[in-house]
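Chemist: Structure file query-v8.pdb (PDB, C-alpha atoms) right here:
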MODEL        1
ATOM      1  CA  MET D   1      15.293   6.406 -37.484
ATOM      2  CA  GLN D   2      18.182   4.084 -36.718
ATOM      3  CA  THR D   3      17.051   0.509 -36.171
ATOM      4  CA  LEU D   4      18.070  -0.759 -32.739
ATOM      5  CA  HIS D   5      19.243  -4.199 -31.806
ATOM      6  CA  MET D   6      17.137  -5.268 -28.855
ATOM      7  CA  SER D   7      16.114  -8.741 -27.846
ATOM      8  CA  PHE D   8      12.566  -9.964 -28.231
ATOM      9  CA  TYR D   9      12.348 -10.224 -24.446
ATOM     10  CA  VAL D  10      13.291  -6.551 -23.918
ATOM     11  CA  LEU D  11      10.767  -5.467 -26.562
ATOM     12  CA  ALA D  12       8.043  -7.636 -25.006
ATOM     13  CA  PHE D  13       8.886  -6.376 -21.506
ATOM     14  CA  LEU D  14       8.587  -2.733 -22.580
ATOM     15  CA  ILE D  15       5.285  -3.344 -24.374
ATOM     16  CA  ILE D  16       3.931  -5.016 -21.231
ATOM     17  CA  LEU D  17       5.239  -2.080 -19.142
ATOM     18  CA  ALA D  18       3.442   0.335 -21.484
ATOM     19  CA  LEU D  19       0.205  -1.615 -21.042
ATOM     20  CA  VAL D  20       0.720  -1.529 -17.254
ATOM     21  CA  PHE D  21       0.926   2.270 -17.533
ATOM     22  CA  ASP D  22      -2.231   2.226 -19.663
ATOM     23  CA  PHE D  23      -4.004   0.108 -17.034
ATOM     24  CA  MET D  24      -2.868   2.544 -14.318
ATOM     25  CA  ASN D  25      -4.059   5.443 -16.456
ATOM     26  CA  GLY D  26      -7.555   3.946 -16.415
ATOM     27  CA  PHE D  27      -7.258   3.102 -12.717
ATOM     28  CA  HIS D  28      -5.958   6.581 -11.843
ATOM     29  CA  ASP D  29      -8.293   8.534 -14.128
ATOM     30  CA  ALA D  30     -11.466   6.473 -13.644
ATOM     31  CA  ALA D  31     -12.538   9.098 -11.147
ATOM     32  CA  ASN D  32     -12.574  11.752 -13.861
ATOM     33  CA  ALA D  33     -15.342   9.982 -15.726
ATOM     34  CA  ILE D  34     -17.459   8.707 -12.833
ATOM     35  CA  ALA D  35     -16.869  11.008  -9.845
ATOM     36  CA  THR D  36     -19.762  13.317 -10.644
ATOM     37  CA  VAL D  37     -22.286  10.594 -11.510
ATOM     38  CA  VAL D  38     -21.377   8.720  -8.296
ATOM     39  CA  SER D  39     -21.296  11.759  -6.012
ATOM     40  CA  THR D  40     -24.737  12.915  -7.183
ATOM     41  CA  GLY D  41     -26.156   9.477  -6.393
ATOM     42  CA  VAL D  42     -27.336   8.799  -9.943
ATOM     43  CA  LEU D  43     -25.409   5.543 -10.168
ATOM     44  CA  LYS D  44     -23.870   3.172  -7.686
ATOM     45  CA  PRO D  45     -20.073   3.042  -7.921
ATOM     46  CA  GLN D  46     -19.922  -0.470  -9.369
ATOM     47  CA  THR D  47     -22.476   0.339 -12.085
ATOM     48  CA  ALA D  48     -20.751   3.618 -12.954
ATOM     49  CA  VAL D  49     -17.390   1.878 -13.275
ATOM     50  CA  MET D  50     -18.781  -0.779 -15.620
ATOM     51  CA  MET D  51     -20.411   1.871 -17.795
ATOM     52  CA  ALA D  52     -17.232   3.980 -17.929
ATOM     53  CA  ALA D  53     -15.076   0.957 -18.814
ATOM     54  CA  SER D  54     -17.479  -0.039 -21.600
ATOM     55  CA  PHE D  55     -17.408   3.411 -23.200
ATOM     56  CA  ASN D  56     -13.621   3.590 -22.799
ATOM     57  CA  PHE D  57     -13.459   0.605 -25.144
ATOM     58  CA  ILE D  58     -16.255   1.724 -27.488
ATOM     59  CA  ALA D  59     -14.050   4.745 -28.319
ATOM     60  CA  ILE D  60     -12.023   2.361 -30.512
ATOM     61  CA  GLY D  61     -14.635   2.803 -33.239
ATOM     62  CA  VAL D  62     -15.140   6.557 -32.847
ATOM     63  CA  PHE D  63     -11.808   8.396 -32.936
ATOM     64  CA  HIS D  64      -8.963   8.545 -35.451
ATOM     65  CA  LEU D  65      -5.444   7.881 -34.133
ATOM     66  CA  LYS D  66      -4.227  11.502 -34.284
ATOM     67  CA  VAL D  67      -3.221  11.614 -30.602
ATOM     68  CA  ALA D  68      -1.186   8.403 -30.969
ATOM     69  CA  SER D  69       0.582   9.945 -33.950
ATOM     70  CA  MET D  70       1.391  13.098 -31.972
ATOM     71  CA  ILE D  71       2.915  11.094 -29.088
ATOM     72  CA  GLY D  72       4.714   8.629 -31.355
ATOM     73  CA  LYS D  73       6.144  11.088 -33.856
ATOM     74  CA  GLY D  74       5.640  14.667 -32.636
ATOM     75  CA  THR D  75       7.271  15.079 -29.215
ATOM     76  CA  ILE D  76      10.755  13.525 -29.256
ATOM     77  CA  ASP D  77      13.264  13.326 -32.123
ATOM     78  CA  PRO D  78      12.900   9.764 -33.468
ATOM     79  CA  ILE D  79      16.690   9.409 -33.656
ATOM     80  CA  VAL D  80      16.878   9.628 -29.853
ATOM     81  CA  ILE D  81      14.257   6.961 -29.139
ATOM     82  CA  ASP D  82      15.577   3.659 -27.855
ATOM     83  CA  HIS D  83      14.494   1.089 -25.282
ATOM     84  CA  TYR D  84      16.248   2.999 -22.499
ATOM     85  CA  VAL D  85      14.295   6.200 -23.230
ATOM     86  CA  VAL D  86      10.985   4.332 -23.397
ATOM     87  CA  PHE D  87      11.793   2.474 -20.168
ATOM     88  CA  GLY D  88      12.692   5.722 -18.374
ATOM     89  CA  ALA D  89       9.560   7.512 -19.621
ATOM     90  CA  LEU D  90       7.217   4.730 -18.534
ATOM     91  CA  VAL D  91       8.803   4.166 -15.125
ATOM     92  CA  GLY D  92       8.845   7.915 -14.377
ATOM     93  CA  ALA D  93       5.156   8.243 -15.292
ATOM     94  CA  ILE D  94       4.131   5.108 -13.366
ATOM     95  CA  VAL D  95       5.969   6.150 -10.190
ATOM     96  CA  TRP D  96       4.390   9.626 -10.242
ATOM     97  CA  ASN D  97       0.931   8.108 -10.800
ATOM     98  CA  VAL D  98       1.385   5.822  -7.795
ATOM     99  CA  VAL D  99       2.521   8.726  -5.587
ATOM    100  CA  THR D 100      -0.400  10.981  -6.535
ATOM    101  CA  TRP D 101      -2.915   8.112  -6.307
ATOM    102  CA  HIS D 102      -1.666   7.320  -2.793
ATOM    103  CA  PHE D 103      -2.351  10.895  -1.679
ATOM    104  CA  GLY D 104      -5.658  11.116  -3.580
ATOM    105  CA  LEU D 105      -4.456  13.908  -5.871
ATOM    106  CA  PRO D 106      -6.029  13.948  -9.360
ATOM    107  CA  SER D 107      -2.819  14.676 -11.264
ATOM    108  CA  SER D 108      -2.550  14.051 -14.981
ATOM    109  CA  SER D 109      -1.395  10.643 -16.227
ATOM    110  CA  SER D 110      -1.042  12.254 -19.641
ATOM    111  CA  HIS D 111       1.349  14.923 -18.480
ATOM    112  CA  ALA D 112       3.204  12.415 -16.329
ATOM    113  CA  LEU D 113       3.869  10.489 -19.549
ATOM    114  CA  ILE D 114       4.919  13.649 -21.407
ATOM    115  CA  GLY D 115       7.181  14.587 -18.500
ATOM    116  CA  GLY D 116       8.619  11.074 -18.527
ATOM    117  CA  LEU D 117       9.409  11.274 -22.243
ATOM    118  CA  VAL D 118      11.017  14.692 -21.854
ATOM    119  CA  GLY D 119      13.084  13.668 -18.823
ATOM    120  CA  ALA D 120      14.384  10.436 -20.383
ATOM    121  CA  ALA D 121      15.151  12.066 -23.753
ATOM    122  CA  VAL D 122      16.941  15.035 -22.183
ATOM    123  CA  ALA D 123      18.924  12.707 -19.912
ATOM    124  CA  LYS D 124      20.166  10.887 -23.016
ATOM    125  CA  ALA D 125      20.677  13.666 -25.565
ATOM    126  CA  GLY D 126      19.981  17.065 -24.015
ATOM    127  CA  THR D 127      17.262  19.524 -25.013
ATOM    128  CA  ASP D 128      18.025  19.140 -28.740
ATOM    129  CA  ALA D 129      16.118  15.846 -28.534
ATOM    130  CA  LEU D 130      12.806  17.684 -28.053
ATOM    131  CA  ILE D 131      10.455  18.640 -30.898
ATOM    132  CA  ALA D 132       9.445  22.153 -29.910
ATOM    133  CA  SER D 133       6.304  22.485 -32.070
ATOM    134  CA  GLY D 134       4.647  19.393 -30.621
ATOM    135  CA  LEU D 135       5.569  20.170 -27.021
ATOM    136  CA  ILE D 136       4.423  23.800 -27.318
ATOM    137  CA  LYS D 137       0.998  22.581 -28.483
ATOM    138  CA  ILE D 138       0.794  20.165 -25.539
ATOM    139  CA  ILE D 139       1.952  22.801 -23.026
ATOM    140  CA  ALA D 140      -0.581  25.289 -24.425
ATOM    141  CA  PHE D 141      -3.377  22.796 -23.803
ATOM    142  CA  ILE D 142      -2.186  22.309 -20.217
ATOM    143  CA  VAL D 143      -3.578  25.806 -19.716
ATOM    144  CA  LEU D 144      -6.374  25.649 -22.275
ATOM    145  CA  SER D 145      -7.983  22.321 -21.297
ATOM    146  CA  PRO D 146      -9.055  23.351 -17.766
ATOM    147  CA  LEU D 147     -10.030  26.807 -19.061
ATOM    148  CA  LEU D 148     -12.158  25.269 -21.813
ATOM    149  CA  GLY D 149     -13.644  22.847 -19.299
ATOM    150  CA  PHE D 150     -14.405  25.795 -17.004
ATOM    151  CA  LEU D 151     -15.926  27.773 -19.892
ATOM    152  CA  PHE D 152     -18.085  24.975 -21.284
ATOM    153  CA  GLY D 153     -19.116  23.762 -17.825
ATOM    154  CA  SER D 154     -20.208  27.221 -16.678
ATOM    155  CA  LEU D 155     -21.931  27.985 -20.003
ATOM    156  CA  MET D 156     -23.856  24.706 -19.809
ATOM    157  CA  MET D 157     -24.928  25.558 -16.266
ATOM    158  CA  VAL D 158     -26.135  29.028 -17.283
ATOM    159  CA  LEU D 159     -27.944  27.648 -20.344
ATOM    160  CA  VAL D 160     -29.679  24.919 -18.346
ATOM    161  CA  SER D 161     -30.673  27.451 -15.676
ATOM    162  CA  TRP D 162     -32.387  29.589 -18.312
ATOM    163  CA  LEU D 163     -34.088  26.650 -20.025
ATOM    164  CA  PHE D 164     -35.461  25.211 -16.779
ATOM    165  CA  VAL D 165     -36.129  28.476 -14.966
ATOM    166  CA  ARG D 166     -39.860  27.665 -14.624
ATOM    167  CA  SER D 167     -39.383  24.014 -13.647
ATOM    168  CA  THR D 168     -39.610  22.769 -10.093
ATOM    169  CA  PRO D 169     -36.423  21.460  -8.429
ATOM    170  CA  ARG D 170     -37.998  18.008  -8.308
ATOM    171  CA  ASN D 171     -38.615  17.932 -12.078
ATOM    172  CA  VAL D 172     -35.107  19.256 -12.787
ATOM    173  CA  ASP D 173     -33.593  16.574 -10.587
ATOM    174  CA  ARG D 174     -35.641  13.825 -12.242
ATOM    175  CA  TRP D 175     -34.680  14.916 -15.766
ATOM    176  CA  PHE D 176     -30.982  15.317 -15.067
ATOM    177  CA  ARG D 177     -30.668  12.035 -13.245
ATOM    178  CA  ARG D 178     -31.457  10.512 -16.641
ATOM    179  CA  LEU D 179     -29.441  12.957 -18.710
ATOM    180  CA  GLN D 180     -26.383  12.494 -16.509
ATOM    181  CA  LEU D 181     -26.170   8.899 -17.718
ATOM    182  CA  VAL D 182     -25.662  10.276 -21.242
ATOM    183  CA  SER D 183     -23.120  12.909 -20.188
ATOM    184  CA  ALA D 184     -21.098  10.412 -18.121
ATOM    185  CA  ALA D 185     -21.051   8.002 -21.074
ATOM    186  CA  MET D 186     -19.839  10.755 -23.419
ATOM    187  CA  TYR D 187     -17.106  11.773 -21.010
ATOM    188  CA  SER D 188     -15.961   8.147 -20.694
ATOM    189  CA  LEU D 189     -15.917   7.926 -24.487
ATOM    190  CA  GLY D 190     -13.690  11.011 -24.681
ATOM    191  CA  HIS D 191     -11.474   9.694 -21.878
ATOM    192  CA  GLY D 192     -10.862   6.409 -23.684
ATOM    193  CA  GLY D 193     -10.392   8.091 -27.047
ATOM    194  CA  ASN D 194      -7.718  10.512 -25.843
ATOM    195  CA  ASP D 195      -5.913   8.599 -23.109
ATOM    196  CA  ALA D 196      -5.595   5.127 -24.653
ATOM    197  CA  GLN D 197      -3.936   6.663 -27.693
ATOM    198  CA  LYS D 198      -1.066   8.038 -25.583
ATOM    199  CA  THR D 199       0.101   4.518 -24.768
ATOM    200  CA  MET D 200      -0.383   3.542 -28.413
ATOM    201  CA  GLY D 201       2.024   6.343 -29.318
ATOM    202  CA  ILE D 202       4.665   5.001 -26.909
ATOM    203  CA  ILE D 203       4.387   1.456 -28.278
ATOM    204  CA  TRP D 204       4.385   2.841 -31.819
ATOM    205  CA  MET D 205       7.690   4.699 -31.317
ATOM    206  CA  LEU D 206       9.157   1.577 -29.693
ATOM    207  CA  LEU D 207       8.148  -0.650 -32.618
ATOM    208  CA  ILE D 208       9.586   1.847 -35.112
ATOM    209  CA  ALA D 209      12.854   2.034 -33.152
ATOM    210  CA  ALA D 210      13.066  -1.770 -33.059
ATOM    211  CA  GLY D 211      12.467  -2.015 -36.810
ATOM    212  CA  ALA D 212       9.238  -3.978 -36.327
ATOM    213  CA  THR D 213       7.363  -1.334 -38.342
ATOM    214  CA  THR D 214       8.176   1.912 -40.141
ATOM    215  CA  ALA D 215       7.014   5.481 -39.580
ATOM    216  CA  GLU D 216       4.990   5.271 -42.806
ATOM    217  CA  ASP D 217       3.140   2.102 -41.810
ATOM    218  CA  PRO D 218      -0.186   2.290 -39.941
ATOM    219  CA  LEU D 219      -0.280   1.401 -36.267
ATOM    220  CA  PRO D 220      -0.818  -2.374 -35.923
ATOM    221  CA  TRP D 221      -4.345  -3.242 -34.828
ATOM    222  CA  TRP D 222      -3.152  -5.505 -32.026
ATOM    223  CA  VAL D 223      -1.631  -2.401 -30.404
ATOM    224  CA  VAL D 224      -4.904  -0.472 -30.699
ATOM    225  CA  ILE D 225      -7.003  -3.300 -29.239
ATOM    226  CA  SER D 226      -4.494  -3.985 -26.440
ATOM    227  CA  CYS D 227      -4.360  -0.340 -25.352
ATOM    228  CA  TYR D 228      -8.125   0.154 -25.352
ATOM    229  CA  SER D 229      -8.515  -3.105 -23.421
ATOM    230  CA  ALA D 230      -5.889  -2.131 -20.830
ATOM    231  CA  ILE D 231      -7.365   1.296 -20.076
ATOM    232  CA  SER D 232     -10.866  -0.200 -19.875
ATOM    233  CA  LEU D 233      -9.713  -2.822 -17.363
ATOM    234  CA  GLY D 234      -7.973  -0.100 -15.344
ATOM    235  CA  THR D 235     -11.188   1.893 -15.229
ATOM    236  CA  LEU D 236     -13.060  -1.249 -14.196
ATOM    237  CA  PHE D 237     -10.897  -1.532 -11.069
ATOM    238  CA  GLY D 238     -11.268   2.181 -10.385
ATOM    239  CA  GLY D 239      -9.454   4.728  -8.249
ATOM    240  CA  TRP D 240     -11.779   5.469  -5.350
ATOM    241  CA  ARG D 241      -9.428   7.770  -3.419
ATOM    242  CA  ILE D 242      -9.631  10.303  -6.251
ATOM    243  CA  VAL D 243     -13.391   9.895  -6.731
ATOM    244  CA  LYS D 244     -13.934  11.510  -3.342
ATOM    245  CA  THR D 245     -11.734  14.515  -4.163
ATOM    246  CA  MET D 246     -13.259  15.065  -7.587
ATOM    247  CA  GLY D 247     -16.871  14.387  -6.629
ATOM    248  CA  GLN D 248     -17.328  16.164  -3.292
ATOM    249  CA  LYS D 249     -14.304  18.090  -2.058
ATOM    250  CA  ILE D 250     -14.153  20.712  -4.835
ATOM    251  CA  THR D 251     -17.845  21.624  -4.789
ATOM    252  CA  LYS D 252     -21.136  19.937  -3.907
ATOM    253  CA  LEU D 253     -22.838  18.677  -7.047
ATOM    254  CA  LYS D 254     -26.436  17.844  -7.893
ATOM    255  CA  PRO D 255     -27.409  15.858 -11.019
ATOM    256  CA  VAL D 256     -27.869  19.047 -13.053
ATOM    257  CA  GLY D 257     -24.381  20.218 -12.071
ATOM    258  CA  GLY D 258     -22.900  16.806 -12.790
ATOM    259  CA  PHE D 259     -24.504  16.811 -16.235
ATOM    260  CA  CYS D 260     -23.126  20.265 -17.049
ATOM    261  CA  ALA D 261     -19.617  19.404 -15.812
ATOM    262  CA  GLU D 262     -19.473  16.122 -17.741
ATOM    263  CA  THR D 263     -20.897  17.658 -20.910
ATOM    264  CA  GLY D 264     -18.479  20.599 -20.775
ATOM    265  CA  GLY D 265     -15.572  18.213 -20.184
ATOM    266  CA  ALA D 266     -16.689  15.862 -22.971
ATOM    267  CA  ILE D 267     -16.893  18.735 -25.489
ATOM    268  CA  THR D 268     -13.325  19.715 -24.600
ATOM    269  CA  LEU D 269     -12.034  16.131 -24.947
ATOM    270  CA  PHE D 270     -13.784  15.573 -28.290
ATOM    271  CA  LEU D 271     -12.313  18.824 -29.617
ATOM    272  CA  ALA D 272      -8.766  18.040 -28.451
ATOM    273  CA  THR D 273      -8.850  14.458 -29.758
ATOM    274  CA  ALA D 274     -10.089  15.662 -33.159
ATOM    275  CA  LEU D 275      -7.110  18.063 -33.250
ATOM    276  CA  GLY D 276      -4.690  15.301 -32.224
ATOM    277  CA  VAL D 277      -3.672  16.980 -28.958
ATOM    278  CA  PRO D 278      -3.052  14.759 -25.902
ATOM    279  CA  VAL D 279      -4.829  16.584 -23.091
ATOM    280  CA  SER D 280      -5.421  15.812 -19.455
ATOM    281  CA  THR D 281      -8.837  14.395 -18.660
ATOM    282  CA  THR D 282      -8.072  15.359 -15.051
ATOM    283  CA  HIS D 283      -7.493  19.018 -15.900
ATOM    284  CA  THR D 284     -10.542  19.081 -18.129
ATOM    285  CA  ILE D 285     -13.118  17.694 -15.685
ATOM    286  CA  THR D 286     -11.675  19.661 -12.759
ATOM    287  CA  GLY D 287     -12.021  22.889 -14.737
ATOM    288  CA  ALA D 288     -15.591  21.947 -15.661
ATOM    289  CA  ILE D 289     -16.528  21.135 -12.038
ATOM    290  CA  VAL D 290     -15.065  24.449 -10.853
ATOM    291  CA  GLY D 291     -16.945  26.245 -13.666
ATOM    292  CA  VAL D 292     -20.243  24.689 -12.588
ATOM    293  CA  GLY D 293     -19.638  25.652  -8.957
ATOM    294  CA  ALA D 294     -18.501  29.185  -9.807
ATOM    295  CA  SER D 295     -21.542  29.759 -12.041
ATOM    296  CA  ARG D 296     -23.727  29.439  -8.937
ATOM    297  CA  LYS D 297     -21.511  31.535  -6.700
ATOM    298  CA  MET D 298     -17.777  31.819  -6.178
ATOM    299  CA  SER D 299     -18.043  30.683  -2.574
ATOM    300  CA  ALA D 300     -19.527  27.346  -3.739
ATOM    301  CA  VAL D 301     -16.036  26.275  -4.791
ATOM    302  CA  ARG D 302     -13.539  25.121  -2.167
ATOM    303  CA  TRP D 303     -10.652  27.069  -3.623
ATOM    304  CA  GLY D 304      -8.175  25.600  -1.150
ATOM    305  CA  VAL D 305      -8.798  22.082  -2.493
ATOM    306  CA  ALA D 306      -8.688  23.376  -6.075
ATOM    307  CA  GLY D 307      -5.388  25.084  -5.256
ATOM    308  CA  ASN D 308      -3.863  21.833  -3.974
ATOM    309  CA  ILE D 309      -4.904  20.126  -7.201
ATOM    310  CA  ILE D 310      -3.298  22.900  -9.270
ATOM    311  CA  TRP D 311      -0.020  22.465  -7.370
ATOM    312  CA  ALA D 312      -0.113  18.759  -8.268
ATOM    313  CA  TRP D 313      -0.559  19.772 -11.913
ATOM    314  CA  ILE D 314       2.375  22.193 -11.804
ATOM    315  CA  PHE D 315       4.718  19.605 -10.338
ATOM    316  CA  THR D 316       3.613  16.690 -12.555
ATOM    317  CA  ILE D 317       5.806  17.259 -15.626
ATOM    318  CA  PRO D 318       9.041  18.237 -13.793
ATOM    319  CA  ALA D 319       8.564  15.522 -11.136
ATOM    320  CA  ALA D 320       7.881  12.801 -13.708
ATOM    321  CA  ALA D 321      10.784  14.093 -15.827
ATOM    322  CA  PHE D 322      13.164  13.884 -12.860
ATOM    323  CA  MET D 323      12.042  10.345 -12.021
ATOM    324  CA  ALA D 324      12.296   9.341 -15.693
ATOM    325  CA  ALA D 325      15.854  10.652 -15.934
ATOM    326  CA  ILE D 326      16.840   8.456 -12.970
ATOM    327  CA  ALA D 327      14.945   5.495 -14.475
ATOM    328  CA  TRP D 328      16.739   6.039 -17.833
ATOM    329  CA  TRP D 329      20.099   5.849 -16.055
ATOM    330  CA  LEU D 330      19.036   2.677 -14.235
ATOM    331  CA  GLY D 331      17.704   1.230 -17.505
ATOM    332  CA  THR D 332      21.078   1.632 -19.210
ATOM    333  CA  MET D 333      22.546  -0.677 -16.556
ATOM    334  CA  ILE D 334      19.839  -3.349 -16.317
ATOM    335  CA  LEU D 335      18.333  -3.685 -19.827
TER
ENDMDL
END
Render the structure in this file as structure tokens.
Modeler:
Amino acid sequence: MQTLHMSFYVLAFLIILALVFDFMNGFHDAANAIATVVSTGVLKPQTAVMMAASFNFIAIGVFHLKVASMIGKGTIDPIVIDHYVVFGALVGAIVWNVVTWHFGLPSSSSHALIGGLVGAAVAKAGTDALIASGLIKIIAFIVLSPLLGFLFGSLMMVLVSWLFVRSTPRNVDRWFRRLQLVSAAMYSLGHGGNDAQKTMGIIWMLLIAAGATTAEDPLPWWVVISCYSAISLGTLFGGWRIVKTMGQKITKLKPVGGFCAETGGAITLFLATALGVPVSTTHTITGAIVGVGASRKMSAVRWGVAGNIIWAWIFTIPAAAFMAAIAWWLGTMIL
């Protein structure tokens, strides 16, 4: 990679902008981890947020940095990366997150970032700037993550139904009010482990481009700690507009359903993070919630709401890419 000449102030500004995106990721996606545990009444919102933020940070000691490596080295040709591309990618992703948060749509911060990278890189160097193998893997998981969430969520619901077939509803509710604390914690752990690493990857590619580190060097620990801290703080402030959509508008959940959805989503996130694939926590938990609802009966799912969410997913990458291309052009004039 060609070493760029950028001032310390530009480098610092872009790192801060990346951490702002990371904070917004936690703010935007907090609902994914806590919507079910709040909507079932197991925890009060403030308590759920504090628990989710804590487990977002605890993920620092659980997961390897494979997702950060994929973002930093496996999506865009390193030769193309400069401060203008990073600026365009981050601004495109942030703007799309703000738009979807305003309308209460649980779109994917992860895919907004991928779309931002693609849009800024293509604006600079055309489609040759893209690394096909990495992007194909990410695009495949756009489809697979909600399907796996759906599969694991529905299977968990069927399994639990068989195991507790002779139990009274009151006993089931009492048990799963406790167990949902575990499932929500595991989902928050997976959320922090996968999502914080995406911002690490952006900062990593920026540091390599600036010559502050090399592609062979490990990711500096200050980057890891900063990114986990930023996403945890974002979760702490929460995104309550999206909690309502995720927790009640798709399907009505009881503690047993919340447990199954969170466990199915957590399994999917753990699997993807172990493989180094940046997936959408939004897609994953939505698929799991729909799977839980559909396992009871198809009419239990409000398919119209689910359809609106899917449209937000479809538009995320191209919309963020378009905004990032404009931001890249603006960045070349102001940075």
Chemist: Going by the chain IDs and residue numbers used in this file, which residues fall under the PyMOL selection byres ((chain D and resi 18) around 9)? Write them as a list in words.
Modeler: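 Going through the file, the PyMOL selection byres ((chain D and resi 18) around 9) ends up selecting Phe13, Leu14, Ile15, Ile16, Leu17, Leu19, Val20, Phe21, Asp22, Phe23, Val86, Phe87, Leu90, Thr199, Met200, Ile202, Ile203 and Cys227 of chain D.
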Chemist: Using Å and a single decimal, report how far atom CA of Lys73 of chain D sits from atom CA of Phe270 of chain D.
Modeler: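 These two atoms are separated by 21.2 Å.
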Chemist: Residues around (-22.5, 9.9, -17.4), cut-off 12 Å, counting only C-alpha atoms - what are they as an NGL selection string?
Modeler: :D and (31-45 or 47-55 or 176-191 or 255-266)
Chemist: Which centre and which edge lengths, in Å to one decimal, describe the axis-aligned box that holds all listed atoms of segment 150-163 of chain D after 4 Å is added on each side, as lines of an AutoDock Vina configuration file?
Modeler:
center_x = -24.2
center_y = 26.7
center_z = -18.5
size_x = 27.7
size_y = 13.8
size_z = 13.6
Chemist: Hey, can you pull every residue with an atom no more than 10 Å from (2.0, 9.4, -8.7), using all atoms listed in the file, and send it as a compact mmCIF listing (two decimals) with C-alpha atoms, in the coordinates of the input?
Modeler:
# COMPACT_ATOMS: atom_id res chain seq x y z
CA HIS D 28 -5.96 6.58 -11.84
CA GLY D 92 8.85 7.92 -14.38
CA ALA D 93 5.16 8.24 -15.29
CA ILE D 94 4.13 5.11 -13.37
CA VAL D 95 5.97 6.15 -10.19
CA TRP D 96 4.39 9.63 -10.24
CA ASN D 97 0.93 8.11 -10.80
CA VAL D 98 1.38 5.82 -7.80
CA VAL D 99 2.52 8.73 -5.59
CA THR D 100 -0.40 10.98 -6.54
CA TRP D 101 -2.92 8.11 -6.31
CA HIS D 102 -1.67 7.32 -2.79
CA PHE D 103 -2.35 10.90 -1.68
CA GLY D 104 -5.66 11.12 -3.58
CA LEU D 105 -4.46 13.91 -5.87
CA PRO D 106 -6.03 13.95 -9.36
CA SER D 107 -2.82 14.68 -11.26
CA SER D 108 -2.55 14.05 -14.98
CA SER D 109 -1.40 10.64 -16.23
CA ALA D 112 3.20 12.42 -16.33
CA ALA D 312 -0.11 18.76 -8.27
CA THR D 316 3.61 16.69 -12.56
CA ALA D 319 8.56 15.52 -11.14
CA ALA D 320 7.88 12.80 -13.71
Chemist: Given the file above and the PyMOL selection byres ((chain D and resi 134-138) around 12), which residues are selected, and can you give them as a ChimeraX atom specification?
Modeler: /D:67,69-77,110-111,113-115,117-118,127,129-133,139-145,272-273,275-280,317
Chemist: Would you mind reading off the distance between atom CA of Leu65 of chain D and atom CA of Gln197 of chain D, one decimal, in Å?
Modeler: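 According to the coordinates, atom CA of Leu65 of chain D and atom CA of Gln197 of chain D are separated by 6.7 Å.
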Chemist: Which residues match the PyMOL selection byres ((chain D and resi 326) around 9) in the file above, as a PyMOL selection string?
Modeler: chain D and resi 88+92+119-120+123+321-325+327-331
Chemist: Using only C-alpha atoms, find the one residue out of D:Pro169, D:Gly211, D:Pro318, D:Gly192 that sits nearest to Ile225 of chain D.
Modeler: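 Looking at the shortest contact to Ile225 of chain D, the residue is D:Gly192.
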Chemist: Expressed in Å to a single decimal, how great is the separation between atom CA of Pro146 of chain D and atom CA of Met24 of chain D?
Modeler: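 One can read the atom CA of Pro146 of chain D to atom CA of Met24 of chain D distance as 22.0 Å.
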Chemist: Neighbouring residues of Ala274 of chain D were defined as those with any atom within 8 Å, considering only C-alpha atoms; residues of the same chain fewer than 5 positions away were excluded. Please report them as a list of chain:residue names.
Modeler: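 These residues fall inside the cut-off: D:Phe63, D:His64, D:Lys66.
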